[in-house]
file start.cif (mmCIF, C-alpha atoms and all ligand atoms)
data_data
#
loop_
_atom_site.label_atom_id
_atom_site.label_comp_id
_atom_site.auth_asym_id
_atom_site.auth_seq_id
_atom_site.Cartn_x
_atom_site.Cartn_y
_atom_site.Cartn_z
CA MET A 15 -18.40 -91.22 46.57
CA GLU A 16 -21.25 -89.36 44.87
CA GLY A 17 -21.16 -86.57 47.43
CA THR A 18 -17.40 -86.12 47.20
CA ASN A 19 -17.54 -85.91 43.43
CA ASP A 20 -20.33 -83.32 43.54
CA ARG A 21 -18.46 -81.20 46.02
CA ARG A 22 -15.33 -81.29 43.87
CA LYS A 23 -17.33 -80.21 40.88
CA ARG A 24 -18.91 -77.40 42.85
CA ILE A 25 -15.53 -76.31 44.18
CA ARG A 26 -14.09 -76.35 40.64
CA ARG A 27 -17.02 -74.27 39.40
CA LEU A 28 -16.59 -71.90 42.31
CA LYS A 29 -12.89 -71.62 41.53
CA LYS A 30 -13.70 -70.88 37.88
CA LEU A 31 -16.22 -68.25 38.97
CA ILE A 32 -13.75 -66.62 41.36
CA LEU A 33 -11.05 -66.69 38.69
CA GLY A 34 -13.54 -65.20 36.20
CA VAL A 35 -14.41 -62.40 38.61
CA ILE A 36 -10.75 -61.71 39.32
CA VAL A 37 -9.92 -61.67 35.60
CA ALA A 38 -12.86 -59.40 34.90
CA ALA A 39 -11.97 -57.11 37.81
CA VAL A 40 -8.41 -56.75 36.57
CA VAL A 41 -8.62 -57.01 32.81
CA ILE A 42 -11.62 -54.75 32.15
CA PRO A 43 -10.20 -51.69 33.98
CA VAL A 44 -6.80 -52.26 32.39
CA ILE A 45 -8.27 -52.37 28.89
CA THR A 46 -10.46 -49.38 29.64
CA SER A 47 -7.45 -47.49 30.98
CA ILE A 48 -5.44 -48.28 27.87
CA VAL A 49 -8.25 -47.18 25.54
CA LEU A 50 -8.81 -43.97 27.50
CA GLY A 51 -5.08 -43.39 27.68
CA ILE A 52 -4.79 -43.58 23.90
CA ARG A 53 -7.76 -41.21 23.51
CA VAL A 54 -6.23 -38.69 25.92
CA PHE A 55 -2.95 -38.86 24.01
CA GLN A 56 -4.75 -38.27 20.73
CA LEU A 57 -6.67 -35.30 22.14
CA GLN A 58 -3.53 -33.80 23.64
CA GLY A 59 -1.99 -33.88 20.18
CA LYS A 60 -5.02 -32.18 18.72
CA VAL A 61 -5.04 -29.49 21.42
CA ARG A 62 -1.35 -28.79 20.78
CA GLU A 63 -2.04 -28.55 17.05
CA LEU A 64 -4.89 -26.09 17.66
CA GLU A 65 -2.78 -24.05 20.06
CA GLU A 66 -0.06 -23.77 17.44
CA ARG A 67 -2.56 -22.74 14.84
CA ILE A 68 -4.03 -20.04 17.11
CA ALA A 69 -0.53 -18.77 17.90
CA ALA A 70 0.29 -18.62 14.20
CA ILE A 71 -2.90 -16.69 13.44
CA MET A 72 -2.27 -14.26 16.31
CA GLN A 73 1.26 -13.65 15.14
CA GLU A 74 0.14 -13.07 11.58
CA GLU A 75 -2.44 -10.59 12.83
CA GLU A 76 0.23 -8.77 14.81
CA VAL A 77 2.61 -8.35 11.89
CA THR A 78 0.33 -7.90 8.94
CA GLY A 79 -3.03 -7.33 10.60
CA VAL A 80 -3.65 -3.97 9.00
CA TYR A 81 -2.89 -5.34 5.57
CA THR A 82 -5.29 -8.25 5.38
CA THR A 83 -7.89 -7.72 2.72
CA ALA A 84 -10.60 -8.47 5.26
CA THR A 85 -9.83 -5.26 7.13
CA VAL A 86 -9.38 -3.06 4.07
CA GLU A 87 -13.06 -2.12 3.88
CA GLU A 88 -13.09 -0.94 7.47
CA SER A 89 -9.75 0.78 7.74
CA PRO A 90 -9.05 4.43 6.93
CA ARG A 91 -6.81 3.30 4.12
CA ASN A 92 -9.87 3.42 1.89
CA MET A 93 -10.35 7.07 2.72
CA SER A 94 -8.97 9.57 0.31
CA GLN A 95 -6.13 11.67 1.59
CA LYS A 96 -8.39 14.68 1.54
CA GLU A 97 -10.90 12.93 3.78
CA GLN A 98 -8.10 11.89 6.07
CA LEU A 99 -6.75 15.41 6.25
CA LEU A 100 -10.23 16.86 6.76
CA GLU A 101 -10.63 14.47 9.66
CA GLU A 102 -7.48 15.92 11.07
CA GLY A 103 -9.00 19.37 10.85
CA ALA A 104 -7.36 20.62 7.68
CA LYS A 105 -9.40 23.14 5.78
CA GLU A 106 -10.49 22.94 2.23
CA ASP A 107 -9.61 25.97 0.18
CA ILE A 108 -11.15 25.68 -3.24
CA GLY A 109 -11.88 28.99 -4.86
CA ASN A 110 -13.71 29.86 -8.01
CA TYR A 111 -11.11 29.88 -10.73
CA GLN A 112 -11.28 29.10 -14.41
CA LYS A 113 -8.03 27.16 -14.43
CA GLN A 114 -6.77 24.50 -12.12
CA VAL A 115 -3.02 24.07 -12.00
CA TYR A 116 -1.53 20.92 -10.59
CA LEU A 117 2.17 20.97 -9.84
CA THR A 118 3.35 17.36 -9.82
CA PHE A 119 6.83 16.26 -8.80
CA ASP A 120 8.13 12.86 -9.87
CA ASP A 121 11.00 10.69 -8.63
CA GLY A 122 11.42 12.12 -5.10
CA PRO A 123 12.27 12.23 -2.33
CA SER A 124 15.64 13.78 -3.07
CA ARG A 125 17.96 16.28 -1.49
CA ASN A 126 15.80 18.94 -3.22
CA THR A 127 12.51 17.88 -1.59
CA ASP A 128 12.91 20.21 1.37
CA ARG A 129 13.73 23.16 -0.87
CA ILE A 130 10.63 22.46 -2.96
CA LEU A 131 8.48 22.12 0.15
CA ASP A 132 9.88 25.37 1.56
CA ILE A 133 8.92 27.27 -1.61
CA LEU A 134 5.44 25.72 -1.70
CA LYS A 135 4.98 26.67 1.93
CA GLU A 136 6.13 30.22 1.29
CA TYR A 137 3.45 30.66 -1.38
CA ASN A 138 0.86 28.51 0.40
CA VAL A 139 0.59 26.23 -2.64
CA LYS A 140 -0.36 22.56 -2.42
CA ALA A 141 1.15 20.13 -4.89
CA THR A 142 1.39 16.41 -5.61
CA PHE A 143 4.47 14.24 -5.15
CA PHE A 144 4.70 11.02 -7.14
CA VAL A 145 7.34 9.33 -5.05
CA VAL A 146 9.51 6.24 -5.32
CA GLY A 147 10.61 3.94 -2.49
CA LYS A 148 13.55 5.10 -0.38
CA THR A 149 14.32 3.95 3.14
CA ASP A 150 16.99 6.36 4.38
CA GLU A 151 16.11 8.59 7.30
CA HIS A 152 16.02 11.80 5.26
CA SER A 153 13.59 10.30 2.75
CA VAL A 154 11.34 8.93 5.48
CA ARG A 155 11.14 12.43 6.95
CA ALA A 156 10.44 13.85 3.48
CA TYR A 157 7.41 11.56 2.91
CA GLN A 158 6.06 12.63 6.28
CA ARG A 159 6.66 16.30 5.62
CA ILE A 160 4.83 16.05 2.28
CA VAL A 161 1.78 14.69 4.09
CA GLU A 162 2.01 16.98 7.11
CA GLU A 163 2.09 20.08 4.92
CA GLY A 164 -1.06 19.08 3.05
CA HIS A 165 0.37 17.89 -0.25
CA THR A 166 -0.81 14.75 -1.96
CA LEU A 167 1.44 11.76 -1.54
CA ALA A 168 1.14 9.65 -4.68
CA MET A 169 3.01 6.69 -6.14
CA HIS A 170 5.54 6.44 -8.93
CA SER A 171 6.70 2.81 -8.41
CA TYR A 172 9.03 1.55 -5.70
CA SER A 173 12.11 0.79 -7.77
CA HIS A 174 11.62 3.06 -10.80
CA LYS A 175 13.47 0.40 -12.78
CA TYR A 176 11.59 0.04 -16.05
CA GLU A 177 13.02 -3.38 -16.85
CA GLU A 178 11.75 -4.74 -13.52
CA ILE A 179 8.41 -2.99 -13.23
CA TYR A 180 7.34 -3.64 -16.80
CA GLU A 181 8.75 -7.18 -16.97
CA SER A 182 5.38 -8.79 -16.19
CA ARG A 183 2.03 -8.02 -14.61
CA GLU A 184 3.22 -9.82 -11.47
CA SER A 185 6.36 -7.75 -11.12
CA PHE A 186 4.37 -4.55 -11.62
CA VAL A 187 1.86 -5.60 -8.95
CA GLU A 188 4.62 -6.58 -6.54
CA ASP A 189 6.40 -3.25 -6.98
CA MET A 190 3.22 -1.17 -6.64
CA GLU A 191 2.00 -3.00 -3.53
CA LYS A 192 5.41 -2.74 -1.91
CA LEU A 193 5.38 1.05 -2.30
CA GLN A 194 1.77 1.41 -1.22
CA GLU A 195 2.29 -0.60 1.97
CA TYR A 196 5.56 1.18 2.68
CA LEU A 197 4.09 4.67 2.37
CA TYR A 198 1.13 3.65 4.49
CA GLN A 199 3.44 2.36 7.21
CA ILE A 200 5.48 5.54 7.26
CA THR A 201 2.75 8.17 6.89
CA GLY A 202 -0.56 6.48 7.76
CA ILE A 203 -1.80 7.65 4.36
CA TRP A 204 -3.05 4.99 1.98
CA PRO A 205 -1.90 6.35 -1.40
CA ARG A 206 -4.41 5.96 -4.22
CA PHE A 207 -2.88 7.90 -7.10
CA TYR A 208 -0.27 6.54 -9.42
CA ARG A 209 1.96 7.81 -12.18
CA PHE A 210 3.53 5.21 -14.40
CA PRO A 211 7.28 5.63 -14.81
CA GLY A 212 7.54 6.96 -18.37
CA GLY A 213 3.80 7.66 -18.37
CA SER A 214 0.97 5.36 -19.46
CA SER A 215 2.03 5.94 -23.06
CA ASN A 216 5.55 4.60 -22.52
CA LEU A 217 6.88 2.27 -25.18
CA VAL A 218 9.15 0.17 -22.97
CA SER A 219 6.60 -1.97 -21.13
CA LYS A 220 6.60 -5.65 -22.05
CA VAL A 221 3.13 -5.86 -20.54
CA ASP A 222 0.13 -4.39 -22.28
CA MET A 223 -0.33 -1.08 -20.44
CA GLN A 224 -4.08 -1.55 -20.63
CA GLU A 225 -3.71 -4.62 -18.44
CA LEU A 226 -1.85 -2.59 -15.80
CA ILE A 227 -4.38 0.23 -16.04
CA ASN A 228 -7.18 -2.26 -15.46
CA TYR A 229 -5.32 -3.67 -12.49
CA LEU A 230 -4.98 -0.21 -10.89
CA ASP A 231 -8.64 0.38 -11.59
CA GLU A 232 -9.58 -2.82 -9.74
CA LYS A 233 -7.49 -1.63 -6.81
CA GLY A 234 -9.25 1.74 -6.70
CA ILE A 235 -6.13 3.57 -7.79
CA THR A 236 -6.36 6.41 -10.30
CA TYR A 237 -3.39 7.06 -12.54
CA PHE A 238 -2.33 10.46 -13.76
CA ASP A 239 -0.18 11.47 -16.70
CA TRP A 240 0.45 15.12 -17.56
CA ASN A 241 -0.44 17.62 -20.27
CA ILE A 242 2.30 20.13 -19.60
CA SER A 243 5.91 19.08 -19.30
CA SER A 244 8.45 21.34 -17.68
CA GLY A 245 10.98 19.54 -19.82
CA ASP A 246 13.24 18.97 -16.84
CA ALA A 247 13.40 15.24 -17.52
CA ALA A 248 15.88 15.95 -20.28
CA SER A 249 19.41 14.97 -19.48
CA GLY A 250 21.70 17.87 -18.83
CA ARG A 251 20.83 21.08 -17.08
CA LEU A 252 17.89 22.96 -18.51
CA SER A 253 17.90 26.68 -17.91
CA THR A 254 15.44 28.15 -15.44
CA GLU A 255 13.95 30.31 -18.22
CA THR A 256 13.28 27.29 -20.44
CA ILE A 257 11.52 25.47 -17.62
CA VAL A 258 9.35 28.52 -16.89
CA GLU A 259 8.54 28.91 -20.61
CA ASN A 260 7.68 25.21 -20.96
CA CYS A 261 5.30 25.42 -18.02
CA MET A 262 3.59 28.70 -18.92
CA GLY A 263 3.53 28.28 -22.71
CA SER A 264 0.44 26.12 -23.10
CA MET A 265 -1.52 27.27 -20.09
CA ASP A 266 -3.78 29.48 -22.18
CA SER A 267 -5.13 26.57 -24.17
CA MET A 268 -6.25 24.37 -21.29
CA ASN A 269 -8.14 24.66 -18.04
CA THR A 270 -6.77 21.61 -16.29
CA CYS A 271 -3.01 22.06 -16.25
CA MET A 272 -1.18 18.99 -15.05
CA ILE A 273 2.46 20.05 -14.93
CA LEU A 274 5.18 17.41 -14.88
CA MET A 275 8.27 18.34 -12.89
CA HIS A 276 10.98 16.37 -11.14
CA ASP A 277 12.08 16.23 -7.56
CA ALA A 278 15.59 14.96 -8.14
CA SER A 279 19.00 15.79 -6.77
CA GLU A 280 20.41 16.91 -10.11
CA LYS A 281 17.37 19.04 -11.04
CA ASP A 282 18.34 22.25 -9.30
CA SER A 283 17.01 24.45 -12.08
CA THR A 284 13.52 23.04 -11.45
CA VAL A 285 13.71 24.30 -7.89
CA GLU A 286 15.05 27.62 -9.10
CA ALA A 287 12.19 27.96 -11.60
CA LEU A 288 9.47 27.08 -9.12
CA SER A 289 8.99 30.47 -7.45
CA GLU A 290 8.74 32.20 -10.81
CA ILE A 291 6.20 29.69 -12.12
CA ILE A 292 4.06 30.08 -9.03
CA GLU A 293 4.20 33.87 -9.23
CA LYS A 294 3.36 33.91 -12.94
CA VAL A 295 0.38 31.60 -12.44
CA LYS A 296 -0.86 33.66 -9.50
CA ASP A 297 -0.45 36.86 -11.54
CA ARG A 298 -2.85 35.52 -14.17
CA GLY A 299 -5.67 35.85 -11.66
CA ASP A 300 -7.71 33.10 -13.32
CA ALA A 301 -5.82 30.09 -12.00
CA GLU A 302 -5.55 28.25 -8.71
CA PHE A 303 -3.10 25.62 -7.53
CA LEU A 304 -4.56 22.36 -6.31
CA PRO A 305 -3.18 19.07 -5.10
CA ILE A 306 -4.58 15.97 -6.81
CA THR A 307 -7.66 14.67 -5.00
CA ASP A 308 -10.52 12.28 -5.77
CA GLU A 309 -12.29 15.20 -7.44
CA THR A 310 -9.46 15.86 -9.87
CA VAL A 311 -10.29 15.01 -13.45
CA PRO A 312 -7.49 12.64 -14.43
CA VAL A 313 -5.18 13.60 -17.27
CA GLN A 314 -4.43 10.32 -18.98
CA HIS A 315 -2.61 9.42 -22.16
CA MET A 316 -4.36 6.06 -22.31
CA LYS A 317 -8.00 5.61 -21.42
CA ALA A 318 -9.25 2.75 -19.21
CA ASP A 319 -11.41 0.10 -20.90
ZN ZN B 401 10.06 9.03 -13.05
#

call {"tool": "encode", "arguments": {"input": "start.cif", "output": "structure tokens"}}
result
Amino acid sequence: MEGTNDRRKRIRRLKKLILGVIVAAVVIPVITSIVLGIRVFQLQGKVRELEERIAAIMQEEEVTGVYTTATVEESPRNMSQKEQLLEEGAKEDIGNYQKQVYLTFDDGPSRNTDRILDILKEYNVKATFFVVGKTDEHSVRAYQRIVEEGHTLAMHSYSHKYEEIYESRESFVEDMEKLQEYLYQITGIWPRFYRFPGGSSNLVSKVDMQELINYLDEKGITYFDWNISSGDAASGRLSTETIVENCMGSMDSMNTCMILMHDASEKDSTVEALSEIIEKVKDRGDAEFLPITDETVPVQHMKAD
């Protein structure tokens, strides 16, 4: 009886052991598989997330890569237009004259831009165009022609709508940056000169002009007003003679002559006066025409802080 009982106990123990081994052999790998499976799933999710993030960054780089502030320091957009043109082989032609005359044209491009450029070309005079934002094909060509022919492409706000631009600092910044990026896209020139619509001494801005001046300063943009007005901003047609008189009248009393003119469709008399102004200035013998560059002493109605 003893022996039988012992054997049964041993068999039961053996059965338990076998069962234990079977359970262990099955359960442990199953649990391990489940745990690893969950981990793999989690990692797949993470990989997908990272892939998406990389794709997003790549796309961003593709569309706005040249505009990220990180690349600004390195890109030619920080070069002055003169440096950029010199790189392209353009020659500097600065003589030794007592007076420097800067012809500046606001509000273009217009249907008169080509006529103005033709006259400047005829006399080999370089000028400065404070342009606004226009997207039609003719205007796009005009911006490019301004740059190609060695004139300075400068900014005069995208919209030229006083109530929008001078509504707040934010709206001014938005408008200015829009124009700057747009001109850069079209011409490859990073414009760094600005003329406030209405001048820095305008009385319509709801924002303190000093705040906007400081902003431009931070951005490395120099603003220019004028000290001679052709008077062509006046509504109604001004005679060619009056425009010539306005431009030449005060030239004796100053050495830096920053002449305000307009490149606008309805300002035909400005175009008609241009040749005469150029000839009269050249006849003086003491004056040279220059486009605005980094070396130009700014004419400003309001001084920066
Ligand atoms: Zn204007």

call {"tool": "closest_atom_pairs", "arguments": {"input": "start.cif", "of": "chain A", "to": "ligand ZN 401 (chain B)", "cutoff": "7 Å", "atoms": "only C-alpha atoms and all ligand atoms", "output": "Markdown table"}}
result
| residue | atom | partner | partner_atom | distance |
| --- | --- | --- | --- | --- |
| A:Asp120 | CA | B:ZN401 | ZN | 5.3 |
| A:Asp121 | CA | B:ZN401 | ZN | 4.8 |
| A:His170 | CA | B:ZN401 | ZN | 6.6 |
| A:His174 | CA | B:ZN401 | ZN | 6.6 |
| A:Pro211 | CA | B:ZN401 | ZN | 4.7 |
| A:Gly212 | CA | B:ZN401 | ZN | 6.2 |

call {"tool": "closest_residue", "arguments": {"input": "start.cif", "among": "A:Met272, A:Val61, A:Val145, A:Ile257", "to": "Ala287 (chain A)", "atoms": "all atoms listed in the file"}}
result
A:Ile257

call {"tool": "atom_distance", "arguments": {"input": "start.cif", "atom1": "CA of Gln199 (chain A)", "atom2": "CA of Glu163 (chain A)"}}
result
17.9 Å

call {"tool": "axis_aligned_box", "arguments": {"input": "start.cif", "around": "region 220-227 of chain A", "padding_each_side": "5 Å", "output": "JSON"}}
result
{"center_x": 1.1, "center_y": -2.8, "center_z": -19.0, "size_x": 21.0, "size_y": 16.1, "size_z": 16.5}

call {"tool": "atom_distance", "arguments": {"input": "start.cif", "atom1": "CA of Lys220 (chain A)", "atom2": "CA of Glu181 (chain A)"}}
result
5.7 Å

call {"tool": "atom_distance", "arguments": {"input": "start.cif", "atom1": "CA of Ile227 (chain A)", "atom2": "CA of Pro123 (chain A)"}}
result
24.7 Å

call {"tool": "closest_residue", "arguments": {"input": "start.cif", "among": "A:Val258, A:Leu64, A:Val161, A:Ile291", "to": "Trp204 (chain A)", "atoms": "only C-alpha atoms"}}
result
A:Val161

call {"tool": "closest_residue", "arguments": {"input": "start.cif", "among": "A:Leu28, A:Ala248, A:Ala301, A:Val41", "to": "Thr270 (chain A)", "atoms": "only C-alpha atoms"}}
result
A:Ala301
